[in-house]
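In what follows, a structure is listed as structure tokens, so that the remarks can point back to it.
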Amino acid sequence: MSVKVVIIGAGHGGVQAAASLREEGFEGEIVLISEENDLPYQKPPLSKGYLQGKQSEEAILFRSPHFFQNNQIDLRLGVNIAQLDTVGQLVITKEGETIDYTHLILATGAANRKLTMEGAADVLYLRTLADAKAIAHRLETARKIAIIGGGFIGLELAALAQEKGKEVSVIEAQSRLMERVLPAVISDVFQKTHEHNGVQVYLNTLTKSIDNHCVITKDNKKIEADLILAGIGVIPQTSLAEEAGISCENGILVNEFQQTSVANIYAIGDCANHYNAFAQKRLRLESVQNAVDQAKTAVNHVLGKAQPYHAVPWFWTNQYHLKLQMAGISAGFDRYVLRGDVDADKFSVYYFQENRLIAVDSLNRPADHLNARKLLAAQISPTDAQIGDLNVNLNQLLG
Amino acid sequence: MPKVIYIENNGTEHQVDLPLGATLMEGAVQNDIKGIVAECGGSCMCATCHIYVDEQFMGLLPEMEEEENEMLEGATAERMSNSRLGCQVRISNKLDGVIVRIPEKQ
């Protein structure tokens, strides 16, 4: 039987999988299915260049409209999948159409976690281009904007709204911004910068309800807003897999080749719960890097060139003049060493666990970031003195 | 629309018209030029849209910012005097006919 690959989801992972199959010389059928009506586009610019008005809709497309046709990738837009038949090897659409496969790649991503309190129906979230368009439309007239959640998305939205001259409030339940992933030394720079630009930051603040252009907090503060946005995390899209009996636990469980509990079904990207050697545990990663590299891993396995997933995780966020690039997974660090100048917003944080370098966050130090990815891949840990001395070129450690 | 001539690492040449204001990275990706990865989508974050710009056009390019300069230091292929990141160079009429070579690796 000839090989036919069906990919569900046309985000970074799904599109990369289709493109990589052709780049690697695969000549069989490829079907790429998206529930969205828009041509596949990149998500990171939505909360940055696109909503800032610096990047057009065309500029954030992954590929030209011709790409899919030229590469014989059967792109199906606006198609919802109802069910997987893992025995008959069929994907069944909501309209009842069946699409057969020999290999299925689930790149279903994640959906926004939504607020459920009273009045929450008025809140907008950002995930898709359609979401971004809705927000852009409301931003035209909104004056006061409240953002629930001081994570990456919430803060990127806060920065761009502030730059558009809006009155912006950020409401965060934890005691610091981006607390889950960053140490205080970095959170503090971001908070200071947001406040300096005029954003009102509320920490340790839980939202009780939303009422008539107002966010009401648990401690009964009233924060007025004519547009309320929230970025409070995501939920992996696993229902198709779960209903088909594929093992799931905080995502779709995969092995080092991205195979799920059904051998010819793969999962990649935000929805895939994998063992990550750099985190030394199972987790899901929500990042472009992870989606792209897992797509390549799955494709290689489909084509019989098995190479286990082993890529250094990296992430980024842009807010005002702050460009933060993260390499590795810093959770579980027992100490860190600084390089550069904290007061000038230009420094990197090198995280260690039992004297082993596990992650580096670089703020406006892009060369450190690229170097860090190489150090982590090669498992090289610089000394404290080398990190602290800007005259030491850390690239020399790479040999 | 200004023309750009992209030369892939294997020598394949593509002549394409780019709308004013598009970046050389966007032009490559949108026209299926091989060898530009552009993983971060044009945020100057990943150094995977490294290009070599024909020397005669170097003086006409927008000036390089410090962050691009630093990212190029970490690019995979060798940095040369005519290295740029494609996402940081927007096409303009004076760049009409610019020749852009793609390195072997990103």
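Here's how to read the names in the structure tokens: chain A, B, ... by the order shown, residue numbers from 1 in each chain, ligand numbers from 1 in the order shown.
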message: Using DSSP assignments from the backbone, pull out every residue in range 6-37 of chain B that falls under strand (DSSP E) and give it to me as an MDAnalysis selection string.
response: chainID B and resid 6:7 13:17
How about saving the chosen residues, C-alpha atoms kept, as a PDB file, in the first residue's frame?
ATOM      1  CA  TYR B   6      17.831  35.039  -5.239  1.00  0.00           C
ATOM      2  CA  ILE B   7      20.554  32.471  -5.822  1.00  0.00           C
ATOM      3  CA  GLU B  13      18.443  31.384  -9.625  1.00  0.00           C
ATOM      4  CA  HIS B  14      15.021  32.960  -9.043  1.00  0.00           C
ATOM      5  CA  GLN B  15      14.045  36.394 -10.201  1.00  0.00           C
ATOM      6  CA  VAL B  16      11.046  37.720  -8.290  1.00  0.00           C
ATOM      7  CA  ASP B  17       9.193  41.019  -7.925  1.00  0.00           C
TER       8      ASP B  17
END
query: Taking only C-alpha atoms into account, what are the residues of chain B at most 6 Å from chain A, put as a PyMOL selection string?
result: chain B and resi 30+70-71+74
message: Just list as a count of residues only whatever in range 94-322 of chain A DSSP marks as alpha helix (DSSP H).
response: 58
message: Nearest residue to Asn10 in chain B out of B:Glu68, B:Glu104, B:Glu78, B:Asp54, using only C-alpha atoms?
response: B:Glu104
query: Which residues come within 12 Å of Gly25 in chain A, counting only C-alpha atoms, excluding same-chain residues fewer than 3 positions away, as a ChimeraX atom specification?
result: /A:18-22,28-29,71,299-300,303
